[in-house]
Structures are given as structure tokens and as C-alpha cells.
2 protein chains.
Amino acid sequence: MTFKAQVDDIRHTLSHITKFDQQRAAGYFPELDGDLLDAILTEAGRFANDVIAPINFPGDQRGAKLDGGGVTMPPGWRDAYEQWAQAGWGALPCRAKHGGQGLPLQVGLAVQEIWNSASMAFGIGTILTQGAVEAIYEHGSEALQAKYLPAMISGAWMGTMNLTEPQAGSDLAAIRATAEPRGDGTYAIKGSKIFITYGDHDLTDNIVHLVLARLPDAPAGTRGISLFLVPKYLVNDDGSLGERNDVACAGLEHKLGIHASATCVMAFGENGGATGWLLGQENKGLACMFTMMNNARLHVGIQGVAIAERAYQQALGYAHDRRQGRRPGGHEAAPIVEHPDVRRMLMIMKSYAAAARSICYLTAQALDQARLAPDEADRVAGQDLADLLTPVAKAFSTDIGVEVASMGIQVHGGMGFIEETGAAQHYRDARIAPIYEGTNGIQAIDLVARKLPVKGGEVVRKFLAGIREDVDLILEGENISLGHTGHRLSEAVKALSETTDWILQRGADEPDRVLAGAAGYLRMFGLVAGGVALVRGARACGRDGAELNLARFFCENIVPHVAGLSVSVTAGADSLLAMPDDQLAL
Amino acid sequence: MTFKAQVDDIRHTLSHITKFDQQRAAGYFPELDGDLLDAILTEAGRFANDVIAPINFPGDQRGAKLDGGGVTMPPGWRDAYEQWAQAGWGALPCRAKHGGQGLPLQVGLAVQEIWNSASMAFGIGTILTQGAVEAIYEHGSEALQAKYLPAMISGAWMGTMNLTEPQAGSDLAAIRATAEPRGDGTYAIKGSKIFITYGDHDLTDNIVHLVLARLPDAPAGTRGISLFLVPKYLVNDDGSLGERNDVACAGLEHKLGIHASATCVMAFGENGGATGWLLGQENKGLACMFTMMNNARLHVGIQGVAIAERAYQQALGYAHDRRQGRRPGGHEAAPIVEHPDVRRMLMIMKSYAAAARSICYLTAQALDQARLAPDEADRVAGQDLADLLTPVAKAFSTDIGVEVASMGIQVHGGMGFIEETGAAQHYRDARIAPIYEGTNGIQAIDLVARKLPVKGGEVVRKFLAGIREDVDLILEGENISLGHTGHRLSEAVKALSETTDWILQRGADEPDRVLAGAAGYLRMFGLVAGGVALVRGARACGRDGAELNLARFFCENIVPHVAGLSVSVTAGADSLLAMPDDQLAL
């Protein structure tokens with residue numbers, strides 16, 4: 001279960017795929033040079049290896065517990081968290097205000113990848129806090145910002161997102177929690193929320209809940225939802241903690257994985273009403289929450305990458321240690337890493353992780369452009385691209401996270417099924433990421449129904465044109481170490497372009513036909529975008545060897561799946577639409 | 001968590017895909033008519049629904065436990081098992097000798113599918129007992145048969161397979177357990193075995209272990225391994241139980257899934273030697289064990305089908321109950337089964353299960369032919385086909401079992417991640433099947449390196465020719481309800497045939513290149529064989545509707561993946577073979 005943070009792979013991605021230096025040269029973040037970046041990544045890697053990774057397996061075995069007073073975390077977790085906060089890791093991704101370090105999102109994503117490889121159950125709490133901080137920056141009054149952000153950014157307090165109710169999961173229109181104005185600027189919040197990650201715990205002395213609820217007489221549906229800040233403990237004007245607010249953890253879920261992350265049933269206002277403050281405008285809560293959810297979606301995407309990386313490292317280590325079966329001509333049992341079938345599995349795992357990583361950092365790069373580009377048109381283009389890529393980053397990465405974790409067990413053979421080995425935990429932990437922050441089905445629908453049609457399809461067509469340019473360059477320069485890479489990518493991008501046009505033409509008139517293929521289309525998109533990015537990065541790093549070979553493996557073995565997917569997306573829906581009445585009857 | 005045994009789907013498979021009546025008409029099993037078959041399946045379904053399914057979830061939660069005296073099963077398990085044995089289910093698949101009912105394997109497989117859908121942890125114990133019975137029939141002396149088989153067949157005792165040792169998993173050549181002749185016809189067995197499924201438990205009063213061990217001066221490697229029968233309790237001549245033998249469970253594994261199935265470390269001969277009897281000839285133990293393993297491989301394949309079926313039922317039920325999001329034009333939240341993306345997932349799950357089921361029953365049909373055909377040439381052809389299909393039945397079915405169980409969680413959204421929902425257990429349980437009884441990597445190697453080359457490739461070429469005939473018939477008769485089915489299958493079988501020839505041409509000279517693509521080839525084989533079988537069955541049942549639509553869905557959406565796989569298998573290995581030294585370094 002040794003883990004060594006993937007500092008080199010992340011550095012390669014930032015140097016040669018998102019080409020970090022180009023944004024720096026363009027004046028996005030002049031303070032951040034390569035040396036500082038190296039220092040941050042190296043130190044994050046050391047911290048993850050030494051402090052976070054060791055609490056992951058014991059945290060899973062013991063899990064978070066609810067007793068009379070609230071949720072207690074596994075032994076060692078508070079200590080690890082406090083070290084993390086004291087080292088300033090909470091402040092790193094936050095804006096340069098109220099204590100944030102103002103680093104680009106690409107760097108914030110990099111350290112999140114590292115935390116989540118070390119422990120997904122640890123990482124998710126910091127992701128949600130970061131999302132809550134972002135929402136308060138964006139929608140909170142100056143007074144709320146001044147009161148809550150310094151402690152949240154320093155890591156002294158954590159934050160949560162309270163959206164889901166039993167009847168309102170993917171469908172937030174059905175939310176019933178209520179907020180009654182008290183006439184003093186505060187609101188009395190009442191209602192029950194479920195699946196609240198880090199809803200309660202003893203890592204910090206206060207927890208800042210962001211809660212969706214309805215005002216009296218609010219319109220039905222999503223246009224009647226408002227966002228409130230509801231702290232666990234009220235905060236005095238001097239910043240000290242006051243009374244306990246009327247919010248409590250009423251139950252903990254018994255989950256498949258991320259056992260150390262407390263998934264809470266939260267009861268608001270059981271004793272008259274929890275005190276809350278409005279964030280943003282009345283009835284605009286969903287839009288405010290989406291600010292935060294888009295960010296969280298990218299970070300859940302990086303969890304998919306992170307767990308794939310962790311599972312890969314685990315399997316690679318075992319494949320070197322375990323000896324079974326002779327190689328042709330060998331006299332003793334060989335490490336199984338030498339067997340072609342095991343090698344194939346490891347390369348699938350590694351190349352999927354690398355491809356998904358590329359997509360996530362390209363999304364972060366686009367968001368950095370949206371926020372930091374000096375030129376308005378560049379900022380708009382950055383946001384457009386980020387909007388397009390976010391569902392792919394979330395869904396593709398978390399899907400492959402599960403697949404890679406499953407393959408990681410397979411590499412171990414029987415030992416993989418034994419919990420003490422550690423591979424099984426990754427398989428269990430990975431499974432939440434395709435679900436939370438918008439299921440991958442929702443991401444696929446978002447991609448085909450909302451993101452592709454933006455500006456009449458101009459955004460996606462421009463992205464695809466950029467990919468075709470890359471592929472043309474690859475075809476021109478193709479050499480022996482890349483084999484059939486250019487040809488495979490060329491076929492795949494053609495299929496993706498045609499399928500994109502097919503969707504753009506039919507989306508409005510035949511929504512069910514398009515939605516039936518949404519998940520397959522998202523996968524195609526991820527395979528092509530990931531494959532091209534890997535080749536771009538391998539060529540840019542200017543040496544033959546492992547990066548080129550990895551890109552080649554992916555393009556020759558994984559990218560060809562685009563062909564079958566395109567058939568399914570464009571010509572596979574008829575049987576769903578023509579379904580006889582008894583087909584899916586109970 | 002309601003479960004309703006899949007009696008109709010199995011009956012459809014036997015009636016229209018393996019065409020059971022044709023073998024009956026040919027005199028293989030004249031006693032078994034459709035009415036008897038219906039009675040057996042219906043009663044097995046009822047028993048599974050009422051007695052086995054209810055112990056599955058509680059059995060998982062509590063698991064098997066080891067205390068001083070041995071392993072105790074969860075509450076209710078012994079009672080359920082005794083009812084099962086008393087109803088004669090253990091005797092059903094056994095030959096008509098020593099109490100077996102002499103039914104064809106297809107029927108035995110059918111009831112195993114049902115037990116394993118109800119509870120994989122329950123089913124695996126009965127599969128292993130059946131395998132042990134088969135090995136004793138095949139290799140045991142008359143005296144050993146008379147002494148052990150009646151009680152094993154009646155279900156009074158269970159059986160196990162003791163192969164694995166810490167250093168000997170996939171590589172049985174490394175086995176070290178020893179057997180010393182005592183001069184009285186018995187042997188003193190010593191050594192430690194791991195991963196022994198149902199190695200100890202309190203379901204039955206005796207357990208009959210089949211154990212691989214080495215005689216003194218046996219040749220090294222696989223040619224020096226012998227097979228022994230080692231009972232937990234010695235058996236007196238009158239059949240009553242005598243002294244406890246020198247074998248004990250020394251530890252239980254803490255596993256990802258199938259918690260109620262005790263996975264034991266077994267200690268033989270800690271007090272001088274466990275008493276064992278030779279089965280078959282000295283040093284021929286591996287061949288004897290393979291008799292039993294081939295049978296077990298098919299049965300593990302059906303576990304993949306069974307868990308896919310169970311996960312599908314679970315997801316389907318939830319998709320009908322759960323309402324989220326309006327359909328276009330709807331006024332209230334619709335059951336999620338109506339959303340195209342959920343429908344797509346459910347159809348993938350259902351069609352994968354049906355395709356894998358077809359392959360498993362076609363394998364059983366071939367084995368029935370091998371055993372029961374009046375004509376020698378037919379028996380040989382049956383065995384050849386069964387040998388070819390067994391690795392596909394095992395690996396394809398168990399791979400899709402994991403994928404379908406994972407998708408089953410996804411259909412549930414957040415509820416899928418909660419253990420009480422039940423979907424998570426299927427995901428955990430399913431994960432063992434691609435590993436045990438020969439990992440799926442081993443199955444793929446078996447297929448390309450041993451099975452394809454049999455008789456110069458004649459067996460596989462004949463199988464593919466039969467598929468092409470089917471496809472031609474489909475193309476001729478293609479109608480609106482089948483859409484592009486014939487065309488998709490035609491493309492896929494062409495790719496499979498070409499890839500098969502490619503492997504047959506290169507297997508001897510470029511083994512690594514072929515082995516690197518073995519898993520992909522097996523998947524192609526499963527997709528094509530499964531797709532053709534589904535269409536054959538749908539057409540044979542002579543009505544439009546659900547079966548045709550299911551077959552069409554599979555052929556239009558899943559079978560097209562063959563194209564990408566064929567690229568990977570035939571042209572994807574270069575990057576593995578050209579791997580730079582540092583590619584998979586630690």
C-alpha cells in the first residue's frame with residue numbers, strides 16, 4: 001500500500017499539455033514560475049506521502065462514527081487535518097483576499113489530485129470547503145465574507161453543500177426545505193437534507209453549511225430556491241464562536257466506500273429554526289449553487305484521476321513483487337509485470353489516468369483563462385471552453401476511475417479481493433465519483449443538450465478544429481515511435497466531428513434519440529480529447545521514451561473504441577425508442 | 001431488494017437458443033420433456049425466492065466467522081442449506097449413480113444460475129461440491145465412490161478444492177504440499193493451502209477436501225502433482241463419522257464480497273499428517289483437477305450471469321419506483337425508467353446478461369453432447385466445442401457481471417452507494433468471479449494459445465462458419481424490428497474471423513504479440529457469439545416484441561465495439577513490445 005505522489009506526471013501535464021508557461025508569459029499569473037510550481041508540487045507530494053496516505057486505510061476500516069454529541073472521525077484524522085491547514089494548503093487554491101494565496105486553478109487542481117490519491121475520503125472534505133469558499137466570495141455580502149472566509153480559508157472551519165433531500169436528488173426543483181425571514185436580516189431554516197458529505201465531524205470547531213431552501217411564497221420549481229449560509233455555531237462579531245445553531249446530524253449512511261467521509265442526514269430547525277443568512281439574491285439560489293457545483297464537478301473529475309493513479313500504483317507495485325509463471329526461456333517464476341496480459345492491464349490503467357488527467361487540467365486551464373486573461377475575448381473563450389469540457393472532465397474521469405480500480409483488483413488476482421491488500425478500498429471508494437456532484441448521466445445530458453448547442457455549436461466546432469490541427473501535425477511528423485497513432489486519431493476525430501454534427505442537427509427535434517446516446521458521445525469526446533492531449537504532451541516534452549509510448553498505447557488500443565461508440569450513438573437508439581411495452585416492465 | 005428468479009429467461013434460452021428439444025429428440029435425454037423442465041425451473045425459482053434470496057443480504061452483513069472450534073455460518077444459513085439438500089437440489093446435476101438424478105448439464109446450470117442470483121455466497125459452495133463429486137466419479141476407486149458420493153450427492157456433506165498456496169496461484173507448478181505413503185493405501189498429507197472456498201463451515205457434518213500435493217521424489221513442476229481425497233472427519237465402514245482428521249481452518253480472509261462464503265487458510269497435517277486417499281494416478285493430479293476445474297469454470301461463468309441478472313432486477317425495480325425529473329410534456333416527476341439514459345443503462349445490463357447467458361448454455365449444450373450423444377463423432381465435436389467455449393463462458397460472463405453490477409449502482413444514484421439498498425453488495429460480490437477458477441487473463445491465454453490452435457484451427461473455424469450461416473439467414477430475413485442487426489453482426493463476424501486467422505498465423509512465432517491481445521480477442525468472441533445467439537433465440541421464439549428488441553439493442557449498441565477491439569488486438573501490441581525500460585518501473 002505504498003504511495004508516492006504523482007508529482008512528475010502532474011508536472012509533465014502542466015508543462016507540456018496545458019503549457020502553463022504560455023499562460024504565465026501572457027501575464028495571467030506572472031508571480032508563479034517553474035521553480036515555485038516545483039516547490040509546491042514537491043512539498044504537497046511529501047505531505048501526502050507522509051501525513052495523508054497513512055490515514056487512508058485505517059480511516060476506511062474504522063470509518064466516521066455518530067454518537068450522541070455528533071460525528072467523530074477516525075483516530076489520527078484531526079491531527080492530519082490540522083497539519084494540513086497549518087501548512088496553508090487550504091489557502092492555496094483560494095483567491096488573494098481574506099488570506100487566500102491567489103494561485104491559478106491548475107495548481108489548486110494539482111494539489112487536490114495529490115490529496116485525493118492519498119485519500120479520497122480526506123480530499124472530498126477539502127473540495128467541498130473550497131466550493132463553499134468560492135460561493136461566499138461570489139455571492140456573499142462583504143460582511144459575510146469578512147466574518148466567514150478568513151477562518152474557512154485558513155482551514156480553521158470547513159464548509160458543506162446541502163442540496164439533496166429524499167425526493168430531490170438530480171431533480172432539485174423538488175426541494176422542500178424552507179426559510180422564513182425573521183425581519184432582522186436572518187432567516188429561520190427548516191428541513192431535512194440527506195447525503196451531506198462532511199455534514200458533521202470533529203476536524204474543525206465550526207462548519208459552514210450552504211443550504212438550498214424556499215422562501216415563503218417562492219415560485220414552484222427551480223426558480224423558487226434560495227441559498228443560505230448556516231453555520232454549525234453562530235459567530236460573534238469578534239470572530240469567536242457563539243451559540244450552537246439549530247442544526248444537527250441526525251444519521252450517518254452506511255456506505256460502500258469513502259468510509260471516513262461522514263455522509264450525514266442533516267436536520268435543520270428541529271427546535272424552531274436554524275439561523276441562516278441569504279447568499280446572493282432571493283430565488284436565485286440554484287444559479288449561486290451552480291457556481292460552486294461546476295468547480296466541484298471538475299474537482300470530482302480529478303478524484304477519478306486520483307483514484308485511478310492510486311489503483312495503478314498499487315497494482316504496479318504488486319506486479320513487480322508477485323512472481324508467477326515462467327517467461328519463454330526463463331528458468332524461474334517471473335514477476336507478473338513481465339507477462340503481456342498484465343502489462344496490457346497496467347498500460348490501460350496508466351494511460352486512462354493520464355488521458356483523464358489531461359482533460360481535467362485543460363479544463364482548469366480554460367477556467368484560469370476565463371478568470372485571468374487580460375483580454376475580454378480571451379476570458380469569454382476560456383469560459384466557453386471550460387463549460388464545454390467540465391462535464392467531460394467530471395464524467396470521463398470518474399468512469400475510468402471505476403474501471404481502472406476494478407482492473408487494479410484484477411492485476412492482484414485473489415489478493416485483490418482481500419481487504420488488507422488495499423486494492424479493494426480503491427474499487428469501493430472510486431464508485432461514488434460517477435454519482436455525486438451530478439451523476440455521469442446528468443453530465444452527459446448537460447454536454448449534448450446544453451453545452452454543444454452553445455452559440456450554435458461554434459464552441460465545440462472550434463475545439464474540434466483545434467484537435468484536427470493537432471492531428472494533422474501528428475500525421476505530418478509521425479515517426480516510428482508513434483506507430484499508427486496519427487491514423488487512429490484521425491479516424492477518431494472524424495467520427496467525433498460527424499457525431500457532433502449529427503447531434504447538433506437533431507438535438508431540438510429528436511431529444512430522446514440524442515439523449516439515448518449522450519453517455520456514449522461523452523465517452524467518445526473523452527477518448528479523442530485525451531488521446532490528442534497525450535500525444536501533444538509527449539511530443540512537446542521533446543524526447544522519445546515513456547511518454548510517447550504511453551500516448552501511442554492509448555491511441556492504438558483505446559482510441560479505436562470511438563468507432564463502435566459512434567455507431568451506437570448515431571444509429572443505436574431505435575431499439576430504445578421502439579421498445580415494446582413489456583421490455584422493461586417489472 | 002426483491003428478487004424474482006429468472007425462470008422465463010432461462011426457459012427461453014433453453015427452448016430457443018440451445019434448442020433443448022433437438023437434443024432430446026436426438027435421444028440424449030429422452031426422459032426429460034418440456035413439462036418436467038418447467039416443473040424443475042419453476043420449483044427452483046420458488047425455492048430461491050423464498051429460501052435463499054432472504055439470507056443473502058443478512059449473510060453479507062454478518063459474514064462467516066471463525067472461532068476456536070471452526071467456522072460458523074450466518075444465522076439461517078444451515079437451515080436454508082438443509083432445506084435445499086432435503087429437496088434434492090444437490091442430487092439434481094449429478095450422474096444417475098450413487099443417488100444422482102442424471103439430468104443434463106443444461107438443467108444443472110439453470111438451477112445454479114438461479115441459486116447464484118439469489119445468493120452468490122450460497123451458490124459457490126454448491127458449485128464446488130458438484131465439482132468435487134464430478135472428480136470422484138471420474139477418478140475415484142469404486143470403494144471411494146461408494147463411501148463418499150452418496151452423502152455428497154444428497155447434500156449431507158459438501159466438498160472443496162484445495163489448490164492454491166501462497167506461492168502457487170495461477171502457477172500450480174509451484175505447489176509444495178506433500179503426501180507421504182503410509183503403506184496401508186493411505187497417505188499423510190501436510191501443507192498449507194490458502195483461498196479455500198467453503199474450507200470450513202457448519203452447514204454439514206463432514207467436508208470432503210480434494211487436495212493437490214506432491215509425493216516423495218515426484219518430478220518437479222506440474223508433472224509431479226497428485227490429487228487426494230481428505231475428509232474433515234474420517235468415515236467408518238458403515239458410513240458413520242469417525243475421528244477428526246488432521247485438517248483445520250487456520251484463518252479466514254476479510255474479503256471485499258461474498259462475505260458469507262468462508263475463504264479459509266487450511267492447515268493439513270499440523271499433528272503428524274492428515275489422512276488422504278489418492279484419486280486417479282500418481283503425478284496425474286493436475287489433469288484430474290482440470291476435469292473438475294473446467295466444469296467449475298463454466299459454473300463461475302454462470303455466476304457472472306447470475307449476478308448481472310440480480311443487479312439488473314435491483315436496478316429495474318428502483319428505476320420504476322424512483323421519480324426524478326419531468327419527461328417532455330409531463331406535469332409531474334416521471335419514474336426514472338422513462339429517461340432515455342436510464343433506459344440505455346438498463347438495456348445494456350439486460351442484454352449483456354442475456355448474451356452471456358446464451359454463451360454459458362451453449363457451452364453446457366456442447367458438454368451434454370460430449371457426454372450423451374449416441375454417435376462418437378458427435379461426442380468428440382461436442383467436447384471440442386465445449387473446450388473452445390469454456391474460457392469465453394467464464395471470462396466474458398464474469399467481466400460483464402462486474403460491469404453490469406457497477407452500472408446497477410449508477411442507476412440508483414446516491415442510493416446505490418448505501419449498503420442497505422443492496423446494489424453495492426452485488427458490485428462487491430461480482431468482483432471475485434473474474435478472479436477465481438483461473439483469472440480471466442488466464443482464460444484469455446487459454447483461448448488464444450491452447451484452444452484456437454486445436455486441430456489446426458478447425459474447431460474455431462467451424463464455429464465461425466456456423467455463425468456466418470446464422471448471420472446470412474438474418475440478413476436474408478431482416479425486418480424492421482431488427483433494424484441494422486444483420487449488418488452489424490456481419491461486420492463483427494468478419495472482424496472476428498480475420499482476427500482469428502491473424503492469431504492462428506502468428507501464435508507460434510510471436511506469442512507475446514498474440515498474448516497481449518488475448519483479453520480483447522476473448523471479448524470480441526463473446527460479443528459476436530452472444531449477439532448471434534440472441535438473434536437466433538429471438539427469431540426462433542417466433543414473435544415480435546421484447547426478445548427481438550433486446551437482440552437488436554445488443555447488436556446495434558454493443559456488438560459494434562468489436563471493430564475497435566480488433567484494431568487493438570491485431571495492431572495494438574507494438575507499444576507493449578517496444579516498451580522503454582522506465583515505462584513500468586517502480
# chains A, B, ... in the order shown; residues from 1 in each chain; ligands from 1

$ residues_around --residues "region 297-302 of chain A" --least-positions-apart "4" --cutoff "6 Å" --atoms "only C-alpha atoms" --output "PyMOL selection string"
chain A and resi 113+293+306+390+393-394+397-398+437

$ write_last_selection --atoms "C-alpha atoms" --output "JSON list (two decimals), in the first residue's frame"
[["chain", "number", "residue", "atom", "x", "y", "z"],
["A", 113, "GLU", "CA", -5.21, 15.43, -7.22],
["A", 293, "MET", "CA", -21.02, 22.93, -8.40],
["A", 306, "ALA", "CA", -6.58, 10.43, -8.40],
["A", 390, "THR", "CA", -16.44, 20.37, -17.43],
["A", 393, "ALA", "CA", -13.76, 16.14, -17.11],
["A", 394, "LYS", "CA", -16.23, 15.01, -14.46],
["A", 397, "SER", "CA", -12.52, 10.77, -15.39],
["A", 398, "THR", "CA", -14.79, 9.22, -12.81],
["A", 437, "GLU", "CA", -21.97, 16.31, -7.92]]

$ residues_around --residues "Arg62 (chain A)" --least-positions-apart "3" --cutoff "9 Å" --atoms "only C-alpha atoms" --output "MDAnalysis selection string"
chainID A and resid 57:59 65 73:75 259:260

$ write_last_selection --atoms "N, CA and C atoms" --output "PDB file, in the first residue's frame"
ATOM      1  N   PHE A  57      -6.136   3.903   4.812  1.00  0.00           N
ATOM      2  CA  PHE A  57      -6.655   2.551   5.054  1.00  0.00           C
ATOM      3  C   PHE A  57      -7.255   2.402   6.448  1.00  0.00           C
ATOM      4  N   PRO A  58      -6.563   2.851   7.510  1.00  0.00           N
ATOM      5  CA  PRO A  58      -7.207   2.772   8.831  1.00  0.00           C
ATOM      6  C   PRO A  58      -8.502   3.581   8.903  1.00  0.00           C
ATOM      7  N   GLY A  59      -8.538   4.713   8.218  1.00  0.00           N
ATOM      8  CA  GLY A  59      -9.768   5.517   8.194  1.00  0.00           C
ATOM      9  C   GLY A  59     -10.913   4.766   7.547  1.00  0.00           C
ATOM     10  N   LYS A  65     -17.959   7.916  12.847  1.00  0.00           N
ATOM     11  CA  LYS A  65     -18.979   7.362  13.757  1.00  0.00           C
ATOM     12  C   LYS A  65     -19.849   8.488  14.314  1.00  0.00           C
ATOM     13  N   MET A  73     -14.368  11.522  13.857  1.00  0.00           N
ATOM     14  CA  MET A  73     -13.572  10.981  12.763  1.00  0.00           C
ATOM     15  C   MET A  73     -12.626   9.911  13.297  1.00  0.00           C
ATOM     16  N   PRO A  74     -12.067   9.089  12.407  1.00  0.00           N
ATOM     17  CA  PRO A  74     -11.157   8.034  12.867  1.00  0.00           C
ATOM     18  C   PRO A  74      -9.925   8.632  13.540  1.00  0.00           C
ATOM     19  N   PRO A  75      -9.280   7.843  14.390  1.00  0.00           N
ATOM     20  CA  PRO A  75      -8.072   8.305  15.072  1.00  0.00           C
ATOM     21  C   PRO A  75      -7.043   8.827  14.067  1.00  0.00           C
ATOM     22  N   HIS A 259     -15.386   5.536   3.655  1.00  0.00           N
ATOM     23  CA  HIS A 259     -15.993   5.371   4.978  1.00  0.00           C
ATOM     24  C   HIS A 259     -15.623   6.475   5.950  1.00  0.00           C
ATOM     25  N   ALA A 260     -14.447   7.079   5.752  1.00  0.00           N
ATOM     26  CA  ALA A 260     -14.037   8.112   6.708  1.00  0.00           C
ATOM     27  C   ALA A 260     -14.705   9.447   6.408  1.00  0.00           C
TER      28      ALA A 260
END

$ residues_around --residues "Ala53 (chain A)" --least-positions-apart "4" --cutoff "12 Å" --atoms "only C-alpha atoms" --output "PyMOL selection string"
chain A and resi 1-5+44-49+57-60+76-77+80+114-123+310+422

$ residues_around --residues "Met292 (chain A)" --least-positions-apart "6" --cutoff "8 Å" --atoms "only C-alpha atoms" --output "count of residues only"
4

$ closest_residue --among "A:Glu458, A:Asp67, A:Glu243, A:Asp399" --to "chain B" --atoms "only C-alpha atoms"
A:Asp399

$ closest_residue --among "B:Ala551, B:Leu527, B:Ala377, B:Leu515" --to "chain A" --atoms "only C-alpha atoms"
B:Leu515

$ residues_around --residues "Ala146 (chain A)" --least-positions-apart "5" --cutoff "12 Å" --atoms "only C-alpha atoms" --output "VMD selection string"
chain A and resid 97 to 99 133 136 to 137 140 to 141 151 to 153 235 237 to 239

$ atom_distance --atom1 "CA of Tyr521 (chain B)" --atom2 "CA of Thr570 (chain A)"
25.4 Å

$ select_by_dssp --residues "region 40-267 of chain A" --states "helix (DSSP H, G or I)" --output "ChimeraX atom specification"
/A:40-62,77-86,105-118,120-139,142-154,172-174,221-224

$ atom_distance --atom1 "CA of Ala424 (chain A)" --atom2 "CA of Ala433 (chain B)"
14.2 Å

$ select_by_dssp --residues "region 70-293 of chain B" --states "strand (DSSP E)" --output "VMD selection string"
chain B and resid 70 to 72 157 to 162 178 to 181 187 to 197 206 to 213 226 to 231 233 to 235 241 to 244 247 to 252 263 to 268 274 to 279

$ closest_residue --among "A:Gly456, A:Gly486, A:Pro219, A:Gly441" --to "chain B" --atoms "only C-alpha atoms"
A:Gly441

$ atom_distance --atom1 "CA of Gly330 (chain B)" --atom2 "CA of Arg344 (chain B)"
20.3 Å

$ closest_residue --among "B:Thr222, B:Gln410, B:Ser351, B:Ser497" --to "Gly530 (chain B)" --atoms "only C-alpha atoms"
B:Ser351

$ residues_around --residues "Gly317 (chain B)" --least-positions-apart "2" --cutoff "12 Å" --atoms "only C-alpha atoms" --output "tab-separated table (two decimals) with N, CA and C atoms, in the first residue's frame"
chain	number	residue	atom	x	y	z
A	584	LEU	N	-39.23	-3.41	-20.32
A	584	LEU	CA	-38.64	-3.10	-19.02
A	584	LEU	C	-39.71	-3.10	-17.93
A	585	ALA	N	-40.75	-3.88	-18.14
A	585	ALA	CA	-41.78	-3.98	-17.11
A	585	ALA	C	-41.22	-4.72	-15.90
A	586	LEU	N	-41.84	-4.49	-14.78
A	586	LEU	CA	-41.40	-5.21	-13.57
A	586	LEU	C	-41.96	-6.62	-13.57
B	1	MET	N	-34.92	-4.77	-2.62
B	1	MET	CA	-34.11	-5.99	-2.76
B	1	MET	C	-34.94	-7.21	-3.11
B	2	THR	N	-36.15	-6.99	-3.65
B	2	THR	CA	-36.94	-8.14	-4.07
B	2	THR	C	-36.24	-8.82	-5.22
B	3	PHE	N	-36.36	-10.12	-5.26
B	3	PHE	CA	-35.77	-10.91	-6.34
B	3	PHE	C	-36.80	-11.91	-6.81
B	4	LYS	N	-36.91	-12.03	-8.11
B	4	LYS	CA	-37.83	-13.00	-8.70
B	4	LYS	C	-37.01	-13.81	-9.68
B	310	ARG	N	-29.20	-10.35	-11.17
B	310	ARG	CA	-29.64	-9.83	-9.88
B	310	ARG	C	-29.50	-8.31	-9.82
B	311	ALA	N	-28.35	-7.83	-10.32
B	311	ALA	CA	-28.12	-6.37	-10.31
B	311	ALA	C	-29.12	-5.68	-11.23
B	312	TYR	N	-29.42	-6.31	-12.35
B	312	TYR	CA	-30.41	-5.74	-13.28
B	312	TYR	C	-31.78	-5.64	-12.61
B	313	GLN	N	-32.20	-6.72	-11.97
B	313	GLN	CA	-33.52	-6.69	-11.32
B	313	GLN	C	-33.59	-5.60	-10.26
B	314	GLN	N	-32.50	-5.50	-9.51
B	314	GLN	CA	-32.45	-4.48	-8.45
B	314	GLN	C	-32.58	-3.08	-9.04
B	315	ALA	N	-31.84	-2.83	-10.11
B	315	ALA	CA	-31.86	-1.50	-10.75
B	315	ALA	C	-33.21	-1.24	-11.41
B	319	ALA	N	-35.66	1.83	-10.67
B	319	ALA	CA	-35.97	2.77	-11.77
B	319	ALA	C	-37.47	2.95	-11.95
B	320	HIS	N	-38.23	1.95	-11.54
B	320	HIS	CA	-39.69	2.11	-11.58
B	320	HIS	C	-40.21	2.91	-10.38
B	321	ASP	N	-39.57	2.71	-9.24
B	321	ASP	CA	-40.03	3.37	-8.01
B	321	ASP	C	-39.63	4.84	-7.95
B	322	ARG	N	-38.41	5.12	-8.37
B	322	ARG	CA	-37.82	6.42	-8.14
B	322	ARG	C	-38.32	7.42	-9.19
B	323	ARG	N	-38.84	8.54	-8.71
B	323	ARG	CA	-39.30	9.59	-9.62
B	323	ARG	C	-38.37	10.79	-9.50
B	335	PRO	N	-41.09	8.34	-13.35
B	335	PRO	CA	-40.18	7.28	-12.90
B	335	PRO	C	-38.93	7.34	-13.78
B	336	ILE	N	-37.77	7.18	-13.18
B	336	ILE	CA	-36.54	7.39	-13.97
B	336	ILE	C	-36.39	6.36	-15.08
B	337	VAL	N	-37.12	5.25	-15.01
B	337	VAL	CA	-37.06	4.27	-16.09
B	337	VAL	C	-37.48	4.89	-17.42
B	346	LEU	N	-30.27	0.28	-18.42
B	346	LEU	CA	-31.00	-0.95	-18.12
B	346	LEU	C	-30.91	-1.94	-19.29
B	408	GLY	N	-25.46	-1.03	-12.28
B	408	GLY	CA	-26.61	-1.15	-11.38
B	408	GLY	C	-26.54	-0.13	-10.26
B	411	VAL	N	-27.46	3.33	-11.77
B	411	VAL	CA	-28.89	3.58	-11.97
B	411	VAL	C	-29.52	4.10	-10.67
B	412	HIS	N	-29.02	3.65	-9.53
B	412	HIS	CA	-29.57	4.05	-8.25
B	412	HIS	C	-29.14	5.46	-7.81
B	421	THR	N	-29.24	-0.51	0.52
B	421	THR	CA	-30.00	-0.61	-0.74
B	421	THR	C	-29.81	-1.98	-1.39
B	422	GLY	N	-28.62	-2.54	-1.24
B	422	GLY	CA	-28.36	-3.87	-1.78
B	422	GLY	C	-27.56	-3.89	-3.07
B	423	ALA	N	-27.58	-2.81	-3.84
B	423	ALA	CA	-26.85	-2.78	-5.12
B	423	ALA	C	-25.34	-2.90	-4.88
